[in-house]
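Here is upload.txt, consisting of compact mmCIF, C-alpha atoms:
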# COMPACT_ATOMS: atom_id res chain seq x y z
CA MET E 256 11.49 -29.55 -28.35
CA LEU E 257 13.54 -32.67 -27.82
CA ASN E 258 12.21 -35.52 -29.91
CA PHE E 259 12.44 -38.67 -27.78
CA ASN E 260 11.77 -40.82 -30.85
CA LEU E 261 15.06 -39.76 -32.41
CA LEU E 262 17.09 -40.75 -29.36
CA SER E 263 18.79 -44.09 -29.23
CA LEU E 264 17.96 -46.55 -26.46
CA LYS E 265 21.28 -45.85 -24.78
CA GLN E 266 20.67 -42.08 -24.86
CA ARG E 267 17.19 -42.53 -23.42
CA ARG E 268 18.53 -44.59 -20.55
CA ARG E 269 21.23 -42.02 -19.85
CA LEU E 270 18.66 -39.19 -19.92
CA ASN E 271 16.35 -41.12 -17.58
CA THR E 272 19.26 -41.73 -15.22
CA VAL E 273 20.13 -38.03 -15.15
CA LEU E 274 16.52 -36.98 -14.58
CA LEU E 275 15.98 -39.53 -11.81
CA GLY E 276 19.30 -38.60 -10.22
CA THR E 277 18.40 -34.90 -10.28
CA LEU E 278 14.98 -35.63 -8.78
CA ALA E 279 16.51 -37.82 -6.07
CA TRP E 280 19.04 -35.13 -5.14
CA GLY E 281 16.28 -32.52 -5.06
CA VAL E 282 14.16 -34.62 -2.70
CA ALA E 283 17.22 -35.40 -0.54
CA LEU E 284 18.08 -31.71 -0.22
CA VAL E 285 14.51 -30.85 0.79
CA ILE E 286 14.56 -33.59 3.46
CA PHE E 287 18.04 -32.70 4.70
CA PHE E 288 17.50 -28.91 4.77
CA PRO E 289 15.84 -28.80 8.26
CA ILE E 290 18.78 -30.75 9.70
CA PHE E 291 21.24 -28.43 7.97
CA TRP E 292 19.38 -25.36 9.25
CA MET E 293 19.28 -26.78 12.78
CA LEU E 294 23.04 -27.34 12.68
CA LEU E 295 23.63 -23.86 11.28
CA THR E 296 21.43 -22.20 13.92
CA SER E 297 23.23 -24.02 16.72
CA PHE E 298 26.35 -21.93 15.99
CA LYS E 299 24.47 -18.62 16.04
CA THR E 300 23.77 -16.23 18.88
CA GLU E 301 20.15 -15.80 19.92
CA ILE E 302 20.05 -12.44 18.13
CA ASP E 303 21.29 -13.99 14.88
CA ALA E 304 18.91 -16.92 15.25
CA PHE E 305 15.90 -14.55 15.44
CA ALA E 306 17.13 -12.24 12.69
CA THR E 307 14.71 -11.43 9.86
CA PRO E 308 15.48 -12.20 7.09
CA PRO E 309 17.52 -15.25 8.17
CA GLN E 310 21.28 -14.74 8.13
CA LEU E 311 23.41 -17.17 6.18
CA LEU E 312 26.63 -15.26 6.87
CA PHE E 313 27.44 -14.82 10.55
CA THR E 314 30.23 -15.24 13.08
CA PRO E 315 30.04 -18.80 14.49
CA THR E 316 30.07 -19.28 18.23
CA LEU E 317 30.24 -22.25 20.58
CA GLU E 318 28.52 -20.48 23.47
CA ASN E 319 25.34 -22.57 23.05
CA TYR E 320 27.25 -25.83 23.40
CA THR E 321 29.22 -24.44 26.32
CA LEU E 322 26.02 -23.43 28.10
CA ILE E 323 24.46 -26.86 27.52
CA ASN E 324 27.57 -28.55 28.92
CA GLU E 325 27.43 -26.33 32.02
CA ARG E 326 23.68 -26.57 32.57
CA SER E 327 22.99 -30.23 31.67
CA ASP E 328 24.80 -33.52 31.95
CA TYR E 329 24.55 -34.52 28.30
CA PHE E 330 26.20 -37.91 28.75
CA HIS E 331 23.71 -38.85 31.47
CA PHE E 332 20.78 -38.32 29.09
CA ALA E 333 22.65 -39.95 26.19
CA TRP E 334 23.42 -43.03 28.29
CA ASN E 335 19.76 -43.29 29.26
CA SER E 336 18.80 -43.19 25.57
CA VAL E 337 21.32 -45.92 24.74
CA VAL E 338 20.22 -48.22 27.58
CA ILE E 339 16.50 -47.73 26.94
CA SER E 340 16.74 -48.05 23.13
CA PHE E 341 18.97 -51.14 23.10
CA GLY E 342 17.19 -52.72 26.08
CA SER E 343 13.72 -52.42 24.54
CA THR E 344 15.00 -53.58 21.14
CA ILE E 345 16.66 -56.70 22.59
CA ILE E 346 13.59 -57.64 24.65
CA GLY E 347 11.33 -56.90 21.68
CA MET E 348 13.34 -59.17 19.37
CA LEU E 349 13.32 -61.97 21.94
CA ILE E 350 9.51 -61.81 21.85
CA ALA E 351 9.00 -60.94 18.17
CA VAL E 352 11.11 -63.73 16.65
CA PRO E 353 9.29 -66.67 18.35
CA ALA E 354 5.92 -64.98 17.77
CA ALA E 355 6.61 -64.38 14.08
CA TYR E 356 8.01 -67.91 13.72
CA SER E 357 4.86 -69.51 15.11
CA MET E 358 2.60 -67.32 12.97
CA ALA E 359 4.59 -67.83 9.78
CA PHE E 360 5.10 -71.61 9.93
CA PHE E 361 2.16 -72.76 12.09
CA GLU E 362 -0.55 -70.54 10.68
CA THR E 363 -4.13 -70.91 11.95
CA LYS E 364 -7.44 -69.27 11.10
CA ARG E 365 -6.77 -66.58 13.70
CA THR E 366 -3.26 -65.66 12.58
CA LYS E 367 -4.28 -62.88 10.19
CA THR E 368 -6.79 -61.52 12.70
CA THR E 369 -4.16 -61.48 15.43
CA LEU E 370 -1.67 -59.67 13.21
CA LEU E 371 -4.26 -57.07 12.23
CA TRP E 372 -5.23 -56.61 15.88
CA MET E 373 -1.58 -56.07 16.84
CA LEU E 374 -1.17 -53.52 14.06
CA SER E 375 -4.38 -51.74 15.07
CA THR E 376 -2.88 -50.97 18.48
CA LYS E 377 -0.47 -48.58 16.70
CA MET E 378 -3.50 -46.52 15.64
CA LEU E 379 -4.47 -45.85 19.25
CA PRO E 380 -3.55 -42.30 20.37
CA PRO E 381 -0.95 -42.63 23.15
CA VAL E 382 -2.64 -39.94 25.21
CA GLY E 383 -5.72 -42.17 25.38
CA VAL E 384 -3.92 -44.65 27.65
CA LEU E 385 -1.61 -42.20 29.42
CA VAL E 386 -3.64 -41.90 32.64
CA PRO E 387 -4.04 -45.65 33.39
CA ILE E 388 -0.41 -46.37 32.52
CA TYR E 389 0.77 -43.43 34.63
CA LEU E 390 -1.27 -44.61 37.63
CA LEU E 391 -0.10 -48.19 37.14
CA PHE E 392 3.56 -47.11 37.01
CA LYS E 393 3.05 -44.93 40.07
CA ASP E 394 1.66 -47.85 42.09
CA LEU E 395 4.50 -50.12 40.94
CA GLY E 396 7.18 -47.50 41.65
CA MET E 397 8.31 -47.43 38.01
CA LEU E 398 7.98 -43.71 37.33
CA ASP E 399 11.26 -42.11 36.24
CA THR E 400 12.96 -45.49 35.80
CA ARG E 401 14.75 -46.95 32.79
CA LEU E 402 12.90 -50.24 33.27
CA GLY E 403 9.57 -48.48 32.92
CA LEU E 404 10.52 -46.87 29.63
CA VAL E 405 12.05 -50.12 28.36
CA ILE E 406 8.74 -51.90 28.96
CA ILE E 407 6.69 -49.13 27.33
CA TYR E 408 8.99 -48.84 24.28
CA THR E 409 8.98 -52.61 23.86
CA LEU E 410 5.18 -52.74 23.88
CA ILE E 411 4.66 -49.85 21.45
CA ASN E 412 7.20 -51.17 18.91
CA LEU E 413 6.41 -54.88 19.26
CA PRO E 414 3.61 -54.91 16.63
CA ILE E 415 5.92 -53.48 13.98
CA MET E 416 8.74 -55.86 14.92
CA VAL E 417 6.43 -58.90 14.75
CA TRP E 418 5.01 -57.79 11.41
CA MET E 419 8.44 -57.25 9.88
CA ALA E 420 9.85 -60.54 11.18
CA TYR E 421 6.69 -62.35 10.04
CA THR E 422 7.09 -60.91 6.52
CA TYR E 423 10.69 -62.11 6.24
CA PHE E 424 9.90 -65.54 7.68
CA LYS E 425 7.05 -66.04 5.19
CA GLU E 426 9.54 -65.75 2.33
CA ILE E 427 11.55 -68.70 3.62
CA PRO E 428 10.39 -71.99 2.05
CA LYS E 429 8.91 -74.37 4.61
CA GLU E 430 10.76 -77.22 2.90
CA VAL E 431 14.05 -75.86 4.23
CA LEU E 432 12.87 -76.17 7.83
CA GLU E 433 11.30 -79.55 7.15
CA ALA E 434 14.65 -80.77 5.81
CA ALA E 435 16.33 -79.57 8.99
CA ARG E 436 13.80 -81.47 11.09
CA MET E 437 14.40 -84.62 9.06
CA ASP E 438 18.11 -84.26 9.78
CA GLY E 439 17.29 -84.34 13.48
CA ALA E 440 17.43 -80.62 14.28
CA THR E 441 15.68 -79.55 17.47
CA LEU E 442 13.39 -76.53 17.59
CA PHE E 443 16.20 -74.34 18.94
CA GLN E 444 18.64 -75.57 16.29
CA GLU E 445 16.04 -75.04 13.58
CA ILE E 446 15.61 -71.40 14.59
CA TRP E 447 19.23 -70.65 15.48
CA ARG E 448 21.06 -72.45 12.66
CA VAL E 449 18.56 -72.28 9.80
CA LEU E 450 15.92 -69.59 10.26
CA LEU E 451 17.98 -66.75 11.70
CA PRO E 452 20.91 -67.00 9.22
CA MET E 453 18.50 -66.99 6.26
CA SER E 454 16.63 -63.95 7.55
CA LYS E 455 19.50 -62.01 9.12
CA GLY E 456 19.17 -59.13 6.65
CA GLY E 457 15.51 -58.61 7.45
CA LEU E 458 16.00 -59.02 11.18
CA ALA E 459 18.89 -56.54 11.09
CA SER E 460 16.62 -53.96 9.46
CA THR E 461 13.99 -54.69 12.12
CA VAL E 462 16.55 -54.04 14.87
CA LEU E 463 17.71 -50.81 13.23
CA LEU E 464 14.18 -49.52 12.79
CA SER E 465 13.33 -50.33 16.41
CA LEU E 466 16.41 -48.50 17.64
CA ILE E 467 15.50 -45.42 15.62
CA LEU E 468 11.89 -45.44 16.85
CA CYS E 469 12.98 -45.86 20.48
CA TRP E 470 15.60 -43.13 20.21
CA ASN E 471 13.08 -40.64 18.77
CA GLU E 472 10.18 -41.45 21.10
CA ALA E 473 9.25 -38.34 23.07
CA PHE E 474 5.68 -38.63 24.36
CA TRP E 475 6.28 -41.33 26.96
CA SER E 476 9.68 -40.06 28.04
CA LEU E 477 8.22 -36.64 28.80
CA ASN E 478 5.27 -38.01 30.78
CA LEU E 479 6.88 -40.91 32.66
CA THR E 480 10.28 -39.48 33.59
CA ALA E 481 11.63 -36.46 35.44
CA SER E 482 15.44 -36.47 35.50
CA LYS E 483 16.85 -39.80 36.69
CA ALA E 484 15.83 -41.88 33.66
CA ALA E 485 15.13 -39.07 31.20
CA PRO E 486 16.56 -39.69 27.68
CA LEU E 487 17.72 -37.11 25.15
CA THR E 488 14.19 -36.30 24.00
CA ALA E 489 13.44 -35.03 27.52
CA LEU E 490 16.65 -33.00 27.45
CA ILE E 491 15.47 -31.21 24.31
CA ALA E 492 12.11 -30.41 25.87
CA SER E 493 13.82 -28.93 28.93
CA TYR E 494 15.07 -26.04 26.77
CA SER E 495 11.53 -24.95 25.99
CA SER E 496 10.47 -22.60 28.78
CA PRO E 497 7.41 -20.41 29.51
CA GLU E 498 9.57 -17.37 28.71
CA GLY E 499 9.78 -18.52 25.10
CA LEU E 500 11.88 -20.61 22.78
CA PHE E 501 15.61 -19.94 22.62
CA TRP E 502 16.21 -21.12 19.07
CA ALA E 503 20.00 -21.16 19.14
CA LYS E 504 20.24 -23.18 22.35
CA LEU E 505 17.35 -25.43 21.30
CA SER E 506 19.09 -26.09 17.97
CA ALA E 507 22.35 -26.91 19.75
CA VAL E 508 20.79 -29.42 22.13
CA SER E 509 18.75 -30.92 19.27
CA THR E 510 21.94 -31.35 17.25
CA LEU E 511 23.60 -33.16 20.14
CA ALA E 512 20.54 -35.39 20.55
CA CYS E 513 20.18 -36.20 16.85
CA ALA E 514 23.88 -36.66 16.05
CA PRO E 515 24.33 -40.20 17.48
CA ILE E 516 21.29 -41.70 15.73
CA LEU E 517 22.05 -39.84 12.48
CA ILE E 518 25.58 -41.22 12.45
CA PHE E 519 24.30 -44.69 13.33
CA GLY E 520 21.68 -44.52 10.58
CA TRP E 521 24.21 -43.29 8.04
CA VAL E 522 26.64 -46.10 8.83
CA SER E 523 23.95 -48.79 8.70
CA GLN E 524 21.84 -47.40 5.84
CA LYS E 525 22.89 -50.08 3.35
CA GLN E 526 21.83 -52.86 5.69
CA LEU E 527 18.57 -51.09 6.47
CA VAL E 528 17.66 -50.52 2.81
CA ARG E 529 18.72 -54.03 1.82
CA GLY E 530 16.63 -55.61 4.54
CA LEU E 531 13.55 -53.48 3.83
CA SER E 532 13.77 -53.85 0.05
CA PHE E 533 14.72 -57.42 -0.69
CA GLY E 534 13.23 -59.50 2.14
CA ALA E 535 14.69 -62.62 3.67
CA VAL E 536 15.70 -64.87 0.78
CA LYS E 537 18.26 -63.41 -1.62

Give the structure from the file, written as structure tokens.
Amino acid sequence: MLNFNLLSLKQRRRLNTVLLGTLAWGVALVIFFPIFWMLLTSFKTEIDAFATPPQLLFTPTLENYTLINERSDYFHFAWNSVVISFGSTIIGMLIAVPAAYSMAFFETKRTKTTLLWMLSTKMLPPVGVLVPIYLLFKDLGMLDTRLGLVIIYTLINLPIMVWMAYTYFKEIPKEVLEAARMDGATLFQEIWRVLLPMSKGGLASTVLLSLILCWNEAFWSLNLTASKAAPLTALIASYSSPEGLFWAKLSAVSTLACAPILIFGWVSQKQLVRGLSFGAVK
């Protein structure tokens, strides 16, 4: 057995680094494996996709992607996802930032209760409010519209956005804002020139998280849209039919739907981790 007491401090640190690195890679591979398998299956025929045991060696084909391109207008669904995700995120930030600012710097006895109430709304099963929202949207003519989904996505993600912005704002010393007021800064200047620059890392992570949540939301898109405003999540569901699941085609359309947000998340991962890990004041 390896005697840790005989190892030097430098050797212990190196061993800990290797062990932690190996564990991290193991966890990453486990998390990434479903995505890898989905991508692999998208290049298989339906026969190869259903083969038992699963085939790792096969002749790749693009017939699934060709069929999707012929059957569905991918860019129509992708554009809907972009408009809905960015639209709800922008509106949500316009509401979340002033709300978090007032709660963080003008705290009252009801602030904590209000924040907990907002967070509790995320615990409500969406299906519990589906019928009244569906009837309300039907009366307002908002079924199968981008505006309808933008409103819904904004409301369901707003509690998280307010909580995150509130957390970052609480880390900013009040004395900084007081100094700005003493220098004659207006409320808008105080927020725009002092508060936002100091918390840009945290707010950026809030925006990224909201975009990811909106992009992946499926329940409301399936129940409130048909075809005109349907995003990519609805496109995926359209390849599940009563005749059964066509795994190869379903994997191909899922790959096309996941690819944009995966690439976006990969590019912005440093900003997301930095904002979530270190808070507002560096």

Mind checking which residues fall within 8 Å of region 511-514 of chain E, counting all atoms listed in the file, ignoring those fewer than 3 positions away in the same chain, and posting them as a VMD selection string?
-> chain E and resid 333 487 to 488 491 507 to 508 517 to 518

Counting all atoms listed in the file, which residues have an atom no more than 12 Å from (19.9, -56.4, 14.6) in the file's coordinates? Please list them as a short mmCIF file (atom, residue, chain, number, x, y, z; two decimals) with C-alpha atoms, in the frame of the given file.
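File produced: result-v7.cif:
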data_model
loop_
_atom_site.label_atom_id
_atom_site.label_comp_id
_atom_site.auth_asym_id
_atom_site.auth_seq_id
_atom_site.Cartn_x
_atom_site.Cartn_y
_atom_site.Cartn_z
CA PHE E 341 18.97 -51.14 23.10
CA THR E 344 15.00 -53.58 21.14
CA ILE E 345 16.66 -56.70 22.59
CA ILE E 346 13.59 -57.64 24.65
CA GLY E 347 11.33 -56.90 21.68
CA MET E 348 13.34 -59.17 19.37
CA LEU E 349 13.32 -61.97 21.94
CA VAL E 352 11.11 -63.73 16.65
CA MET E 416 8.74 -55.86 14.92
CA ALA E 420 9.85 -60.54 11.18
CA LEU E 451 17.98 -66.75 11.70
CA PRO E 452 20.91 -67.00 9.22
CA SER E 454 16.63 -63.95 7.55
CA LYS E 455 19.50 -62.01 9.12
CA GLY E 456 19.17 -59.13 6.65
CA GLY E 457 15.51 -58.61 7.45
CA LEU E 458 16.00 -59.02 11.18
CA ALA E 459 18.89 -56.54 11.09
CA SER E 460 16.62 -53.96 9.46
CA THR E 461 13.99 -54.69 12.12
CA VAL E 462 16.55 -54.04 14.87
CA LEU E 463 17.71 -50.81 13.23
CA LEU E 464 14.18 -49.52 12.79
CA SER E 465 13.33 -50.33 16.41
CA LEU E 466 16.41 -48.50 17.64
CA ILE E 467 15.50 -45.42 15.62
CA SER E 523 23.95 -48.79 8.70
CA GLN E 526 21.83 -52.86 5.69
CA LEU E 527 18.57 -51.09 6.47
CA GLY E 530 16.63 -55.61 4.54
#

Could you state the separation of CA of Ala503 (chain E) and CA of Phe298 (chain E) in Å, given to one decimal place?
->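 Answer for the CA of Ala503 (chain E) to CA of Phe298 (chain E) separation: 7.1 Å.
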
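Every protein, DNA or RNA residue with an atom at most 7 Å from Val405 (chain E), where only C-alpha atoms count and chain neighbours fewer than 6 positions away do not, is listed here: E:Ile339, E:Gly342, E:Ser343.
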
For the atom pair CA of Leu371 (chain E) and CA of Gly403 (chain E), what is the interatomic distance in Å to one decimal place?
->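 CA of Gly403 (chain E) lies 26.3 Å from CA of Leu371 (chain E).
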
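Here CA of Gln524 (chain E) and CA of Leu379 (chain E) stand 29.6 Å from one another.
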
Slice of the block: region 400-414 of chain E, all heavy atoms, as a CSV table (one decimal), in the first residue's frame:
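Generated output (out_28.csv):
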chain,number,residue,atom,x,y,z
E,400,THR,N,-48.6,31.7,-31.0
E,400,THR,CA,-47.9,33.0,-31.4
E,400,THR,C,-46.6,33.1,-30.6
E,400,THR,O,-46.5,32.6,-29.5
E,400,THR,CB,-48.8,34.2,-31.0
E,400,THR,OG1,-49.0,34.2,-29.6
E,400,THR,CG2,-50.1,34.2,-31.7
E,401,ARG,N,-45.7,33.8,-31.2
E,401,ARG,CA,-44.4,34.0,-30.5
E,401,ARG,C,-44.6,34.8,-29.2
E,401,ARG,O,-43.9,34.6,-28.2
E,401,ARG,CB,-43.4,34.6,-31.4
E,401,ARG,CG,-43.0,33.8,-32.6
E,401,ARG,CD,-42.1,34.6,-33.6
E,401,ARG,NE,-41.8,33.8,-34.8
E,401,ARG,CZ,-41.3,34.4,-35.9
E,401,ARG,NH1,-41.1,35.7,-35.9
E,401,ARG,NH2,-41.0,33.6,-36.9
E,402,LEU,N,-45.4,35.8,-29.3
E,402,LEU,CA,-45.6,36.7,-28.2
E,402,LEU,C,-46.2,36.0,-27.0
E,402,LEU,O,-45.7,36.2,-25.9
E,402,LEU,CB,-46.6,37.8,-28.6
E,402,LEU,CG,-47.0,38.8,-27.5
E,402,LEU,CD1,-45.7,39.5,-27.0
E,402,LEU,CD2,-48.0,39.8,-28.0
E,403,GLY,N,-47.0,35.0,-27.2
E,403,GLY,CA,-47.6,34.2,-26.1
E,403,GLY,C,-46.5,33.4,-25.4
E,403,GLY,O,-46.4,33.4,-24.2
E,404,LEU,N,-45.6,32.8,-26.2
E,404,LEU,CA,-44.5,32.0,-25.6
E,404,LEU,C,-43.5,32.9,-24.9
E,404,LEU,O,-43.0,32.6,-23.9
E,404,LEU,CB,-43.8,31.2,-26.6
E,404,LEU,CG,-44.6,29.9,-27.1
E,404,LEU,CD1,-43.7,29.1,-28.0
E,404,LEU,CD2,-45.0,29.1,-25.9
E,405,VAL,N,-43.3,34.1,-25.5
E,405,VAL,CA,-42.3,35.0,-24.9
E,405,VAL,C,-42.9,35.4,-23.5
E,405,VAL,O,-42.1,35.5,-22.5
E,405,VAL,CB,-42.2,36.3,-25.7
E,405,VAL,CG1,-41.5,37.4,-25.0
E,405,VAL,CG2,-41.3,36.0,-27.0
E,406,ILE,N,-44.1,35.7,-23.4
E,406,ILE,CA,-44.7,36.1,-22.1
E,406,ILE,C,-44.6,34.9,-21.1
E,406,ILE,O,-44.2,35.1,-19.9
E,406,ILE,CB,-46.2,36.5,-22.3
E,406,ILE,CG1,-46.3,37.8,-23.1
E,406,ILE,CG2,-46.9,36.7,-20.9
E,406,ILE,CD1,-47.7,38.2,-23.5
E,407,ILE,N,-45.0,33.8,-21.5
E,407,ILE,CA,-44.9,32.6,-20.6
E,407,ILE,C,-43.5,32.3,-20.2
E,407,ILE,O,-43.2,32.1,-19.0
E,407,ILE,CB,-45.5,31.4,-21.3
E,407,ILE,CG1,-47.0,31.5,-21.4
E,407,ILE,CG2,-45.2,30.1,-20.6
E,407,ILE,CD1,-47.8,31.5,-20.1
E,408,TYR,N,-42.6,32.3,-21.1
E,408,TYR,CA,-41.2,32.0,-20.7
E,408,TYR,C,-40.6,33.1,-19.8
E,408,TYR,O,-39.8,32.8,-18.9
E,408,TYR,CB,-40.3,31.9,-22.0
E,408,TYR,CG,-40.5,30.7,-22.8
E,408,TYR,CD1,-41.5,29.8,-22.5
E,408,TYR,CD2,-39.7,30.3,-23.9
E,408,TYR,CE1,-41.7,28.6,-23.3
E,408,TYR,CE2,-39.8,29.2,-24.6
E,408,TYR,CZ,-40.9,28.3,-24.3
E,408,TYR,OH,-41.1,27.2,-25.0
E,409,THR,N,-41.0,34.3,-20.0
E,409,THR,CA,-40.5,35.4,-19.1
E,409,THR,C,-41.1,35.2,-17.7
E,409,THR,O,-40.3,35.3,-16.8
E,409,THR,CB,-41.1,36.8,-19.7
E,409,THR,OG1,-40.5,37.0,-21.0
E,409,THR,CG2,-40.6,37.9,-18.7
E,410,LEU,N,-42.3,34.8,-17.6
E,410,LEU,CA,-42.9,34.6,-16.3
E,410,LEU,C,-42.3,33.4,-15.5
E,410,LEU,O,-42.1,33.5,-14.3
E,410,LEU,CB,-44.4,34.5,-16.4
E,410,LEU,CG,-45.2,35.7,-16.9
E,410,LEU,CD1,-46.7,35.4,-17.1
E,410,LEU,CD2,-45.0,36.9,-15.9
E,411,ILE,N,-42.1,32.3,-16.2
E,411,ILE,CA,-41.6,31.1,-15.5
E,411,ILE,C,-40.1,31.3,-15.2
E,411,ILE,O,-39.6,30.6,-14.2
E,411,ILE,CB,-41.8,29.9,-16.4
E,411,ILE,CG1,-41.0,29.9,-17.7
E,411,ILE,CG2,-43.2,29.6,-16.7
E,411,ILE,CD1,-41.1,28.7,-18.5
E,412,ASN,N,-39.3,32.1,-15.9
E,412,ASN,CA,-37.9,32.3,-15.6
E,412,ASN,C,-37.6,33.5,-14.7
E,412,ASN,O,-36.5,33.7,-14.2
E,412,ASN,CB,-37.1,32.3,-16.8
E,412,ASN,CG,-37.0,31.0,-17.6
E,412,ASN,OD1,-37.0,30.0,-17.0
E,412,ASN,ND2,-37.0,31.1,-18.9
E,413,LEU,N,-38.6,34.4,-14.6
E,413,LEU,CA,-38.4,35.6,-13.8
E,413,LEU,C,-37.9,35.4,-12.4
E,413,LEU,O,-37.0,36.1,-11.9
E,413,LEU,CB,-39.6,36.5,-13.9
E,413,LEU,CG,-39.5,37.9,-13.4
E,413,LEU,CD1,-38.4,38.7,-14.2
E,413,LEU,CD2,-40.8,38.7,-13.5
E,414,PRO,N,-38.5,34.5,-11.6
E,414,PRO,CA,-38.1,34.3,-10.3
E,414,PRO,C,-36.6,34.0,-10.2
E,414,PRO,O,-35.9,34.5,-9.3
E,414,PRO,CB,-38.9,33.1,-9.8
E,414,PRO,CG,-40.2,33.2,-10.6
E,414,PRO,CD,-39.7,33.6,-12.0
